[in-house]
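Colleague: protein09.cif is the file, holding mmCIF, C-alpha atoms:
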```
data_entry
#
loop_
_atom_site.group_PDB
_atom_site.id
_atom_site.type_symbol
_atom_site.label_atom_id
_atom_site.label_comp_id
_atom_site.auth_asym_id
_atom_site.auth_seq_id
_atom_site.Cartn_x
_atom_site.Cartn_y
_atom_site.Cartn_z
ATOM 1 C CA MET A 1 -0.365 38.795 -0.043
ATOM 2 C CA THR A 2 -1.650 35.540 -1.534
ATOM 3 C CA GLN A 3 0.535 34.222 -4.331
ATOM 4 C CA GLN A 4 -1.051 33.706 -7.720
ATOM 5 C CA ALA A 5 -1.691 29.991 -8.337
ATOM 6 C CA HIS A 6 0.374 28.523 -11.133
ATOM 7 C CA PRO A 7 -2.075 27.656 -13.945
ATOM 8 C CA GLU A 8 -0.274 24.452 -14.930
ATOM 9 C CA ALA A 9 0.774 23.088 -11.527
ATOM 10 C CA HIS A 10 -1.068 20.330 -9.704
ATOM 11 C CA LEU A 11 -0.384 19.099 -6.189
ATOM 12 C CA LEU A 12 -0.099 15.312 -5.996
ATOM 13 C CA GLY A 13 -0.274 13.633 -2.619
ATOM 14 C CA ASP A 14 0.041 10.126 -1.210
ATOM 15 C CA ILE A 15 -1.513 10.283 2.254
ATOM 16 C CA GLY A 16 -1.068 7.200 4.415
ATOM 17 C CA GLY A 17 -1.712 6.494 8.053
ATOM 18 C CA THR A 18 1.842 7.367 9.135
ATOM 19 C CA HIS A 19 3.351 9.525 6.393
ATOM 20 C CA THR A 20 2.255 12.013 3.749
ATOM 21 C CA ARG A 21 4.272 12.434 0.548
ATOM 22 C CA LEU A 22 3.715 15.465 -1.649
ATOM 23 C CA THR A 23 4.992 16.775 -4.947
ATOM 24 C CA LEU A 24 4.029 19.382 -7.554
ATOM 25 C CA TYR A 25 3.388 18.058 -11.063
ATOM 26 C CA ARG A 26 3.912 20.561 -13.873
ATOM 27 C CA ASN A 27 4.510 20.185 -17.605
ATOM 28 C CA GLY A 28 4.891 16.425 -17.285
ATOM 29 C CA ARG A 29 7.497 16.618 -14.522
ATOM 30 C CA PHE A 30 7.451 15.917 -10.796
ATOM 31 C CA GLY A 31 8.911 18.512 -8.469
ATOM 32 C CA PRO A 32 10.709 17.816 -5.176
ATOM 33 C CA ILE A 33 9.046 15.035 -3.178
ATOM 34 C CA GLY A 34 8.531 15.782 0.493
ATOM 35 C CA ARG A 35 7.843 13.049 3.065
ATOM 36 C CA TYR A 36 6.297 14.100 6.361
ATOM 37 C CA ARG A 37 5.197 12.350 9.543
ATOM 38 C CA ASN A 38 1.483 12.926 10.026
ATOM 39 C CA ASN A 39 1.663 13.032 13.811
ATOM 40 C CA GLU A 40 3.734 16.226 13.566
ATOM 41 C CA PHE A 41 0.844 18.159 11.952
ATOM 42 C CA PRO A 42 -2.734 18.845 13.083
ATOM 43 C CA ASP A 43 -4.230 18.246 9.635
ATOM 44 C CA LEU A 44 -3.384 17.743 5.973
ATOM 45 C CA SER A 45 -3.664 21.403 4.989
ATOM 46 C CA ASP A 46 -0.832 22.214 7.409
ATOM 47 C CA VAL A 47 1.315 19.507 5.804
ATOM 48 C CA VAL A 48 0.689 21.015 2.365
ATOM 49 C CA ARG A 49 1.472 24.561 3.480
ATOM 50 C CA HIS A 50 4.683 23.322 5.107
ATOM 51 C CA HIS A 51 5.700 21.521 1.908
ATOM 52 C CA LEU A 52 5.102 24.568 -0.301
ATOM 53 C CA ALA A 53 6.961 26.881 2.072
ATOM 54 C CA THR A 54 9.882 24.473 2.552
ATOM 55 C CA HIS A 55 10.500 24.183 -1.176
ATOM 56 C CA GLY A 56 9.569 27.767 -2.069
ATOM 57 C CA LEU A 57 6.809 26.588 -4.384
ATOM 58 C CA THR A 58 4.070 28.614 -6.033
ATOM 59 C CA PRO A 59 0.592 27.412 -4.978
ATOM 60 C CA PRO A 60 -0.884 24.889 -7.416
ATOM 61 C CA ARG A 61 -4.092 25.165 -9.408
ATOM 62 C CA SER A 62 -5.557 21.900 -8.112
ATOM 63 C CA ALA A 63 -4.818 18.919 -5.895
ATOM 64 C CA VAL A 64 -5.146 15.215 -6.716
ATOM 65 C CA LEU A 65 -4.644 13.080 -3.629
ATOM 66 C CA ALA A 66 -4.370 9.371 -2.885
ATOM 67 C CA VAL A 67 -5.760 8.686 0.568
ATOM 68 C CA ALA A 68 -5.551 5.523 2.677
ATOM 69 C CA GLY A 69 -9.255 5.017 3.299
ATOM 70 C CA PRO A 70 -12.547 4.305 1.535
ATOM 71 C CA LEU A 71 -14.277 7.095 -0.348
ATOM 72 C CA GLU A 72 -17.732 8.029 0.876
ATOM 73 C CA ARG A 73 -20.644 8.740 -1.456
ATOM 74 C CA ASP A 74 -19.966 12.494 -1.222
ATOM 75 C CA GLY A 75 -16.332 12.013 -2.239
ATOM 76 C CA SER A 76 -14.884 12.538 1.234
ATOM 77 C CA VAL A 77 -12.485 10.162 3.006
ATOM 78 C CA THR A 78 -11.666 9.404 6.629
ATOM 79 C CA LEU A 79 -8.199 7.864 6.907
ATOM 80 C CA THR A 80 -8.542 4.362 8.349
ATOM 81 C CA ASN A 81 -5.365 4.537 10.434
ATOM 82 C CA ARG A 82 -5.192 8.253 11.162
ATOM 83 C CA GLY A 83 -8.679 9.687 11.697
ATOM 84 C CA TRP A 84 -8.272 12.746 9.469
ATOM 85 C CA HIS A 85 -11.482 13.514 7.587
ATOM 86 C CA LEU A 86 -10.903 15.015 4.141
ATOM 87 C CA ALA A 87 -13.748 16.622 2.210
ATOM 88 C CA PRO A 88 -12.874 17.946 -1.271
ATOM 89 C CA ALA A 89 -14.672 21.293 -1.057
ATOM 90 C CA ALA A 90 -13.445 22.115 2.456
ATOM 91 C CA LEU A 91 -9.909 21.050 1.614
ATOM 92 C CA ALA A 92 -9.924 23.132 -1.591
ATOM 93 C CA ALA A 93 -10.963 26.178 0.437
ATOM 94 C CA ALA A 94 -8.290 25.527 3.082
ATOM 95 C CA LEU A 95 -5.579 25.146 0.439
ATOM 96 C CA ASP A 96 -6.903 27.966 -1.779
ATOM 97 C CA VAL A 97 -6.967 25.754 -4.879
ATOM 98 C CA ALA A 98 -9.680 25.455 -7.510
ATOM 99 C CA THR A 99 -10.413 21.741 -7.075
ATOM 100 C CA VAL A 100 -9.448 18.741 -4.971
ATOM 101 C CA ARG A 101 -9.919 15.180 -6.196
ATOM 102 C CA LEU A 102 -9.523 12.234 -3.841
ATOM 103 C CA PHE A 103 -8.704 8.635 -4.723
ATOM 104 C CA ASN A 104 -8.168 5.539 -2.629
ATOM 105 C CA ASP A 105 -4.415 5.128 -2.212
ATOM 106 C CA PHE A 106 -4.233 1.706 -3.836
ATOM 107 C CA THR A 107 -6.436 2.792 -6.697
ATOM 108 C CA ALA A 108 -3.654 5.302 -7.385
ATOM 109 C CA GLN A 109 -1.017 2.578 -6.999
ATOM 110 C CA ALA A 110 -2.885 0.424 -9.508
ATOM 111 C CA LEU A 111 -3.212 3.291 -11.989
ATOM 112 C CA GLY A 112 0.551 3.746 -11.808
ATOM 113 C CA ILE A 113 1.396 0.131 -12.706
ATOM 114 C CA PRO A 114 1.054 0.580 -16.523
ATOM 115 C CA HIS A 115 3.528 3.480 -16.326
ATOM 116 C CA LEU A 116 6.376 1.510 -14.713
ATOM 117 C CA ALA A 117 9.508 0.558 -16.624
ATOM 118 C CA ALA A 118 10.453 -3.119 -16.822
ATOM 119 C CA GLU A 119 13.457 -2.611 -14.517
ATOM 120 C CA GLU A 120 11.172 -1.195 -11.814
ATOM 121 C CA CYS A 121 9.387 -4.549 -11.407
ATOM 122 C CA VAL A 122 11.473 -7.450 -10.098
ATOM 123 C CA GLN A 123 9.872 -10.792 -10.984
ATOM 124 C CA LEU A 124 9.821 -13.096 -7.967
ATOM 125 C CA THR A 125 8.030 -16.121 -9.391
ATOM 126 C CA GLY A 126 5.705 -17.361 -12.125
ATOM 127 C CA GLY A 127 5.842 -17.318 -15.909
ATOM 128 C CA ASP A 128 4.926 -14.772 -18.547
ATOM 129 C CA PRO A 129 1.894 -12.506 -18.055
ATOM 130 C CA TRP A 130 -1.137 -12.912 -20.268
ATOM 131 C CA PRO A 131 -1.721 -9.774 -22.381
ATOM 132 C CA HIS A 132 -4.912 -7.838 -21.647
ATOM 133 C CA ALA A 133 -5.608 -9.943 -18.539
ATOM 134 C CA PRO A 134 -6.546 -8.586 -15.079
ATOM 135 C CA GLN A 135 -3.713 -7.613 -12.760
ATOM 136 C CA ALA A 136 -3.697 -7.655 -8.952
ATOM 137 C CA VAL A 137 -2.066 -4.970 -6.807
ATOM 138 C CA ILE A 138 -1.380 -5.458 -3.100
ATOM 139 C CA GLY A 139 1.024 -4.027 -0.558
ATOM 140 C CA PRO A 140 1.581 -3.725 3.187
ATOM 141 C CA GLY A 141 2.298 -0.397 4.831
ATOM 142 C CA THR A 142 0.583 1.112 7.851
ATOM 143 C CA GLY A 143 -2.362 -0.902 6.500
ATOM 144 C CA LEU A 144 -2.770 -3.433 3.702
ATOM 145 C CA GLY A 145 -3.697 -1.904 0.369
ATOM 146 C CA VAL A 146 -5.514 -3.993 -2.232
ATOM 147 C CA SER A 147 -6.612 -3.129 -5.756
ATOM 148 C CA GLY A 148 -6.650 -4.488 -9.266
ATOM 149 C CA LEU A 149 -6.534 -3.449 -12.891
ATOM 150 C CA LEU A 150 -9.116 -4.622 -15.386
ATOM 151 C CA PRO A 151 -8.566 -4.202 -19.143
ATOM 152 C CA CYS A 152 -11.073 -1.818 -20.705
ATOM 153 C CA GLY A 153 -10.318 -1.447 -24.400
ATOM 154 C CA GLU A 154 -7.007 0.383 -24.667
ATOM 155 C CA ARG A 155 -7.236 1.626 -21.084
ATOM 156 C CA TRP A 156 -7.167 0.118 -17.622
ATOM 157 C CA LEU A 157 -9.886 0.359 -14.992
ATOM 158 C CA ALA A 158 -8.568 0.450 -11.420
ATOM 159 C CA LEU A 159 -10.673 -1.050 -8.648
ATOM 160 C CA ALA A 160 -11.369 0.804 -5.394
ATOM 161 C CA GLY A 161 -11.871 -1.815 -2.708
ATOM 162 C CA GLU A 162 -11.011 -2.608 0.886
ATOM 163 C CA GLY A 163 -9.696 -6.141 0.510
ATOM 164 C CA GLY A 164 -7.186 -5.614 3.289
ATOM 165 C CA HIS A 165 -10.044 -5.874 5.773
ATOM 166 C CA ALA A 166 -11.216 -9.290 4.595
ATOM 167 C CA THR A 167 -10.938 -12.019 7.223
ATOM 168 C CA LEU A 168 -7.494 -13.614 7.487
ATOM 169 C CA ALA A 169 -7.504 -17.406 7.181
ATOM 170 C CA PRO A 170 -4.983 -19.773 8.819
ATOM 171 C CA ALA A 171 -3.223 -22.456 6.796
ATOM 172 C CA ASP A 172 -1.947 -24.716 9.605
ATOM 173 C CA GLU A 173 -2.387 -25.454 13.316
ATOM 174 C CA ARG A 174 0.212 -22.894 14.408
ATOM 175 C CA GLU A 175 -1.561 -20.134 12.526
ATOM 176 C CA SER A 176 -4.928 -21.286 13.876
ATOM 177 C CA ALA A 177 -3.606 -20.973 17.437
ATOM 178 C CA LEU A 178 -2.157 -17.548 16.637
ATOM 179 C CA LEU A 179 -5.427 -16.256 15.184
ATOM 180 C CA ASP A 180 -7.439 -17.756 18.066
ATOM 181 C CA SER A 181 -5.282 -15.779 20.476
ATOM 182 C CA LEU A 182 -5.627 -12.554 18.510
ATOM 183 C CA ARG A 183 -9.389 -12.964 18.106
ATOM 184 C CA ARG A 184 -9.692 -12.926 21.887
ATOM 185 C CA ALA A 185 -7.971 -9.546 21.881
ATOM 186 C CA TRP A 186 -9.380 -7.980 18.705
ATOM 187 C CA GLY A 187 -12.525 -9.870 17.779
ATOM 188 C CA HIS A 188 -12.198 -9.776 14.003
ATOM 189 C CA VAL A 189 -8.718 -10.499 12.616
ATOM 190 C CA SER A 190 -8.470 -9.025 9.146
ATOM 191 C CA ALA A 191 -5.575 -9.524 6.754
ATOM 192 C CA GLU A 192 -4.432 -5.978 7.568
ATOM 193 C CA ARG A 193 -4.118 -6.843 11.260
ATOM 194 C CA LEU A 194 -1.047 -8.985 10.519
ATOM 195 C CA VAL A 195 0.000 -8.205 6.930
ATOM 196 C CA SER A 196 1.094 -4.622 7.603
ATOM 197 C CA GLY A 197 3.807 -2.778 9.496
ATOM 198 C CA PRO A 198 1.841 -2.828 12.772
ATOM 199 C CA GLY A 199 0.946 -6.453 11.994
ATOM 200 C CA LEU A 200 4.605 -7.425 11.748
ATOM 201 C CA LEU A 201 5.177 -5.792 15.133
ATOM 202 C CA ALA A 202 2.178 -7.661 16.572
ATOM 203 C CA LEU A 203 3.583 -10.948 15.264
ATOM 204 C CA TYR A 204 6.973 -10.288 16.852
ATOM 205 C CA ASN A 205 5.495 -9.300 20.203
ATOM 206 C CA HIS A 206 3.233 -12.368 20.220
ATOM 207 C CA LEU A 207 6.289 -14.578 19.715
ATOM 208 C CA ALA A 208 8.292 -12.586 22.269
ATOM 209 C CA ALA A 209 5.573 -13.019 24.904
ATOM 210 C CA GLY A 210 5.645 -16.774 24.376
ATOM 211 C CA ALA A 211 9.436 -16.845 24.649
ATOM 212 C CA GLY A 212 9.629 -14.538 27.667
ATOM 213 C CA ALA A 213 11.513 -11.944 25.624
ATOM 214 C CA PRO A 214 10.986 -8.165 25.754
ATOM 215 C CA SER A 215 8.535 -6.663 23.287
ATOM 216 C CA LEU A 216 9.353 -4.034 20.681
ATOM 217 C CA THR A 217 7.610 -0.722 20.065
ATOM 218 C CA ALA A 218 7.943 -0.022 16.302
ATOM 219 C CA PRO A 219 7.835 -2.130 13.112
ATOM 220 C CA PRO A 220 11.286 -1.009 11.856
ATOM 221 C CA GLU A 221 12.810 -2.592 14.954
ATOM 222 C CA VAL A 222 11.673 -5.976 13.673
ATOM 223 C CA THR A 223 13.145 -5.614 10.184
ATOM 224 C CA THR A 224 16.460 -4.259 11.466
ATOM 225 C CA ARG A 225 16.806 -7.342 13.684
ATOM 226 C CA ALA A 226 16.299 -9.725 10.772
ATOM 227 C CA GLY A 227 19.251 -12.101 10.415
ATOM 228 C CA GLN A 228 20.346 -11.486 14.013
ATOM 229 C CA ASP A 229 17.256 -12.211 16.116
ATOM 230 C CA PRO A 230 15.523 -15.584 15.597
ATOM 231 C CA LEU A 231 12.230 -14.100 16.777
ATOM 232 C CA ALA A 232 12.443 -11.407 14.094
ATOM 233 C CA ASP A 233 13.228 -14.018 11.453
ATOM 234 C CA THR A 234 10.258 -16.127 12.560
ATOM 235 C CA ALA A 235 7.935 -13.115 12.603
ATOM 236 C CA LEU A 236 9.002 -12.165 9.071
ATOM 237 C CA GLY A 237 8.479 -15.746 7.950
ATOM 238 C CA VAL A 238 4.908 -15.794 9.271
ATOM 239 C CA PHE A 239 4.308 -12.332 7.791
ATOM 240 C CA PHE A 240 5.411 -13.411 4.306
ATOM 241 C CA ALA A 241 3.453 -16.668 4.533
ATOM 242 C CA PHE A 242 0.244 -14.782 5.298
ATOM 243 C CA LEU A 243 1.043 -12.316 2.483
ATOM 244 C CA GLY A 244 1.354 -15.266 0.118
ATOM 245 C CA THR A 245 -2.017 -16.633 1.181
ATOM 246 C CA VAL A 246 -3.765 -13.275 0.773
ATOM 247 C CA ALA A 247 -2.060 -12.504 -2.558
ATOM 248 C CA GLY A 248 -3.018 -15.942 -3.889
ATOM 249 C CA ASN A 249 -6.627 -15.382 -2.864
ATOM 250 C CA LEU A 250 -6.610 -12.025 -4.660
ATOM 251 C CA ALA A 251 -5.102 -13.544 -7.803
ATOM 252 C CA LEU A 252 -7.834 -16.197 -7.889
ATOM 253 C CA THR A 253 -10.590 -13.662 -7.215
ATOM 254 C CA LEU A 254 -9.506 -11.361 -10.055
ATOM 255 C CA GLY A 255 -8.230 -14.036 -12.412
ATOM 256 C CA ALA A 256 -5.011 -12.010 -12.380
ATOM 257 C CA ARG A 257 -3.170 -13.792 -15.169
ATOM 258 C CA GLY A 258 -1.675 -10.448 -16.117
ATOM 259 C CA GLY A 259 0.407 -10.527 -12.948
ATOM 260 C CA VAL A 260 0.402 -9.740 -9.254
ATOM 261 C CA TYR A 261 2.249 -6.574 -8.198
ATOM 262 C CA LEU A 262 3.583 -6.201 -4.648
ATOM 263 C CA CYS A 263 3.759 -2.486 -3.795
ATOM 264 C CA GLY A 264 4.308 -0.280 -0.784
ATOM 265 C CA GLY A 265 7.226 1.005 1.226
ATOM 266 C CA ILE A 266 7.984 -2.083 3.315
ATOM 267 C CA LEU A 267 8.715 -4.820 0.798
ATOM 268 C CA PRO A 268 11.462 -3.356 -1.483
ATOM 269 C CA GLY A 269 13.936 -3.430 1.425
ATOM 270 C CA LEU A 270 13.056 -7.042 2.228
ATOM 271 C CA GLU A 271 13.540 -8.737 -1.144
ATOM 272 C CA ALA A 272 16.066 -11.311 0.118
ATOM 273 C CA PRO A 273 14.001 -12.605 3.073
ATOM 274 C CA LEU A 274 10.866 -12.454 0.921
ATOM 275 C CA ARG A 275 12.476 -14.714 -1.686
ATOM 276 C CA ALA A 276 13.721 -17.092 1.021
ATOM 277 C CA SER A 277 10.328 -17.289 2.737
ATOM 278 C CA ALA A 278 7.277 -19.483 2.224
ATOM 279 C CA PHE A 279 5.596 -16.707 0.216
ATOM 280 C CA ARG A 280 5.682 -18.555 -3.106
ATOM 281 C CA GLU A 281 4.537 -21.875 -1.674
ATOM 282 C CA ARG A 282 1.648 -20.214 0.129
ATOM 283 C CA PHE A 283 0.753 -18.184 -2.964
ATOM 284 C CA ILE A 284 0.264 -21.340 -5.040
ATOM 285 C CA ALA A 285 -1.063 -23.621 -2.281
ATOM 286 C CA LYS A 286 -4.668 -23.619 -3.515
ATOM 287 C CA GLY A 287 -5.277 -27.326 -4.157
ATOM 288 C CA ARG A 288 -6.517 -28.002 -7.669
ATOM 289 C CA TYR A 289 -5.565 -24.458 -8.732
ATOM 290 C CA ARG A 290 -1.903 -24.828 -7.801
ATOM 291 C CA ASP A 291 -0.743 -24.967 -11.437
ATOM 292 C CA TYR A 292 -3.011 -22.033 -12.351
ATOM 293 C CA LEU A 293 -1.306 -19.846 -9.728
ATOM 294 C CA ASP A 294 2.176 -21.201 -10.359
ATOM 295 C CA ALA A 295 2.019 -19.715 -13.863
ATOM 296 C CA ILE A 296 1.020 -16.217 -12.693
ATOM 297 C CA PRO A 297 3.990 -13.828 -12.494
ATOM 298 C CA VAL A 298 4.496 -12.032 -9.193
ATOM 299 C CA TYR A 299 6.455 -8.780 -9.284
ATOM 300 C CA LEU A 300 8.044 -6.700 -6.548
ATOM 301 C CA VAL A 301 7.613 -3.024 -7.464
ATOM 302 C CA THR A 302 10.711 -1.015 -6.579
ATOM 303 C CA ALA A 303 9.646 2.403 -7.943
ATOM 304 C CA PRO A 304 9.063 4.846 -5.063
ATOM 305 C CA ASP A 305 6.565 7.037 -6.939
ATOM 306 C CA THR A 306 4.024 4.562 -8.357
ATOM 307 C CA ALA A 307 1.070 6.346 -6.756
ATOM 308 C CA PHE A 308 2.220 9.717 -8.136
ATOM 309 C CA ARG A 309 2.376 8.261 -11.640
ATOM 310 C CA GLY A 310 -1.137 6.926 -11.194
ATOM 311 C CA LEU A 311 -2.425 10.307 -10.031
ATOM 312 C CA ALA A 312 -0.667 12.112 -12.879
ATOM 313 C CA SER A 313 -2.368 9.781 -15.355
ATOM 314 C CA VAL A 314 -5.829 11.073 -14.381
ATOM 315 C CA LEU A 315 -4.995 14.751 -14.924
#
```
Any chance you could put this one into structure tokens?
Modeller:
Amino acid sequence: MTQQAHPEAHLLGDIGGTHTRLTLYRNGRFGPIGRYRNNEFPDLSDVVRHHLATHGLTPPRSAVLAVAGPLERDGSVTLTNRGWHLAPAALAAALDVATVRLFNDFTAQALGIPHLAAEECVQLTGGDPWPHAPQAVIGPGTGLGVSGLLPCGERWLALAGEGGHATLAPADERESALLDSLRRAWGHVSAERLVSGPGLLALYNHLAAGAGAPSLTAPPEVTTRAGQDPLADTALGVFFAFLGTVAGNLALTLGARGGVYLCGGILPGLEAPLRASAFRERFIAKGRYRDYLDAIPVYLVTAPDTAFRGLASVL
């Protein structure tokens, strides 16, 4: 027998290329958060059913999902790094819910920024934020998410873009040689190709090949070697330098004097090497606009549920 949907419960989901995180939102509260590996399920509806059954949850009335991919004109999304195609009407039927709403994952991250407490944002550099000024949101995961917040009266408008796929630019001869090598393999080298979990792995393996060292197979292997393996330290250094360049470009593009927010699951565990890296220098290294960028505060977001807060804000 089909359970009666709870009239006040909404399924919130953060669906990335590697993992899906789900929770039920009811009466202003989040339920248990489940984190699942996508490659263990044939499609998203199976992940949702597993989550509800695991936690003994009543089916929700609706679903509001953040998805790592661009929305099509009909509201559907194909995950950039997974291949799942999600269409609201079909997904609503499969989940037996009244409605499904899809958002780009970093649009949801951006919408969550105004709902963070001060202690959930660690300031890395810069001065005080300008009030009612644009804010930039960026973060590496399986891909590189990019968004921004624009002030709109008393509210914020979150941008849905694909800035992670903009062309990555080198800042010195070593980076030029690196990108030349990768262009021969990939053709176009976007920011996401290197400023992401798989990108960090690609950087390490490129360095390992040059040093005659064995390659690694997963991004966490690189971060766990940090401080013990010089190749891992060098790869992280290049990774953070590129992140600084891309974040600085985004701050200039948006005029983000309200702050730049670094989100995602990778960076909170790497605060110490991030601070010790060339990130800040590369962030401000924009010639005549060095002082402009030096004044912009850059925050590391440590809250694990920023996207859920953004999704809850649209209900």
Colleague: Just to confirm, what's the straight-line distance from atom CA of Ala177 of chain A to atom CA of His206 of chain A in Å (one decimal)?
Modeller: 11.3 Å
Colleague: Using all atoms listed in the file, list the residues that have an atom at most 10 Å from (-13.3, 23.7, -3.8), coordinates as in the file, as a list of chain:residue names.
Modeller: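 Every residue inside that radius is included here: A:Ser62, A:Ala63, A:Ala87, A:Pro88, A:Ala89, A:Ala90, A:Leu91, A:Ala92, A:Ala93, A:Ala94, A:Leu95, A:Asp96, A:Val97, A:Ala98, A:Thr99, A:Val100, A:Arg101.
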Colleague: Considering only C-alpha atoms, state which residue in the set A:Pro134, A:Val238, A:Thr223, A:Glu120 is at the smallest distance from Glu175 of chain A.
Modeller: A:Val238
Colleague: Name the residues in contact with segment 199-202 of chain A at a cut-off of 10 Å, using all atoms listed in the file, excluding same-chain residues fewer than 5 positions from it; report them as a PyMOL selection string.
Modeller: chain A and resi 140-144+182+191-194+207-208+215-223+232+235-240
Colleague: Check what the PyMOL selection byres ((chain A and resi 264) around 10) selects in the file above and give those residues as a PyMOL selection string.
Modeller: chain A and resi 106+109+137-145+196+261-263+265-268+300-307
Colleague: Taking the file as shown, find all residues satisfying the PyMOL selection byres ((chain A and resi 286) around 12) and write them as a list in words.
Modeller: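 Taken over the shown coordinates, the PyMOL selection byres ((chain A and resi 286) around 12) returns Ala171, Gly244, Thr245, Val246, Ala247, Gly248, Asn249, Leu250, Ala251, Leu252, Arg280, Glu281, Arg282, Phe283, Ile284, Ala285, Gly287, Arg288, Tyr289, Arg290, Asp291, Tyr292, Leu293 and Asp294 of chain A.
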Colleague: From the options A:Gly16, A:Pro297, A:Gly210, A:Pro151, which residue's atoms come nearest to Thr78 of chain A, counting only C-alpha atoms?
Modeller: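 Distance minimum relative to Thr78 of chain A lands on A:Gly16.
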Colleague: Nearest residue to Phe41 of chain A out of A:Pro60, A:Thr20, A:Ala158, A:Phe308, using all atoms listed in the file?
Modeller: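 Going through A:Pro60, A:Thr20, A:Ala158, A:Phe308 one by one, the smallest distance to Phe41 of chain A is for A:Thr20.
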Colleague: Residues around (-3.0, 19.5, 3.4), cut-off 9 Å, counting only C-alpha atoms - what are they as a CSV table (one decimal) with C-alpha atoms, in the coordinates of the input?
Modeller:
```csv
chain,number,residue,atom,x,y,z
A,13,GLY,CA,-0.3,13.6,-2.6
A,43,ASP,CA,-4.2,18.2,9.6
A,44,LEU,CA,-3.4,17.7,6.0
A,45,SER,CA,-3.7,21.4,5.0
A,46,ASP,CA,-0.8,22.2,7.4
A,47,VAL,CA,1.3,19.5,5.8
A,48,VAL,CA,0.7,21.0,2.4
A,49,ARG,CA,1.5,24.6,3.5
A,50,HIS,CA,4.7,23.3,5.1
A,91,LEU,CA,-9.9,21.0,1.6
A,94,ALA,CA,-8.3,25.5,3.1
A,95,LEU,CA,-5.6,25.1,0.4
```
Colleague: Where does the PyMOL selection byres ((chain A and resi 136) around 6) land in this file, that is, which residues does it pick, as an MDAnalysis selection string?
Modeller: chainID A and resid 135 137 148 256 260
Colleague: Neighbouring residues of Asn27 of chain A were defined as those with any atom within 10 Å, considering all atoms listed in the file; residues of the same chain fewer than 2 positions away were excluded. Please report them as a PyMOL selection string.
Modeller: chain A and resi 8-10+25+29-30
Colleague: Which residue out of A:Pro42, A:Gly34, A:Gly83, A:Gly75 has the minimum interatomic distance to Leu57 of chain A when only C-alpha atoms are used?
Modeller: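 Using only C-alpha atoms, the shortest distance to Leu57 of chain A belongs to A:Gly34.
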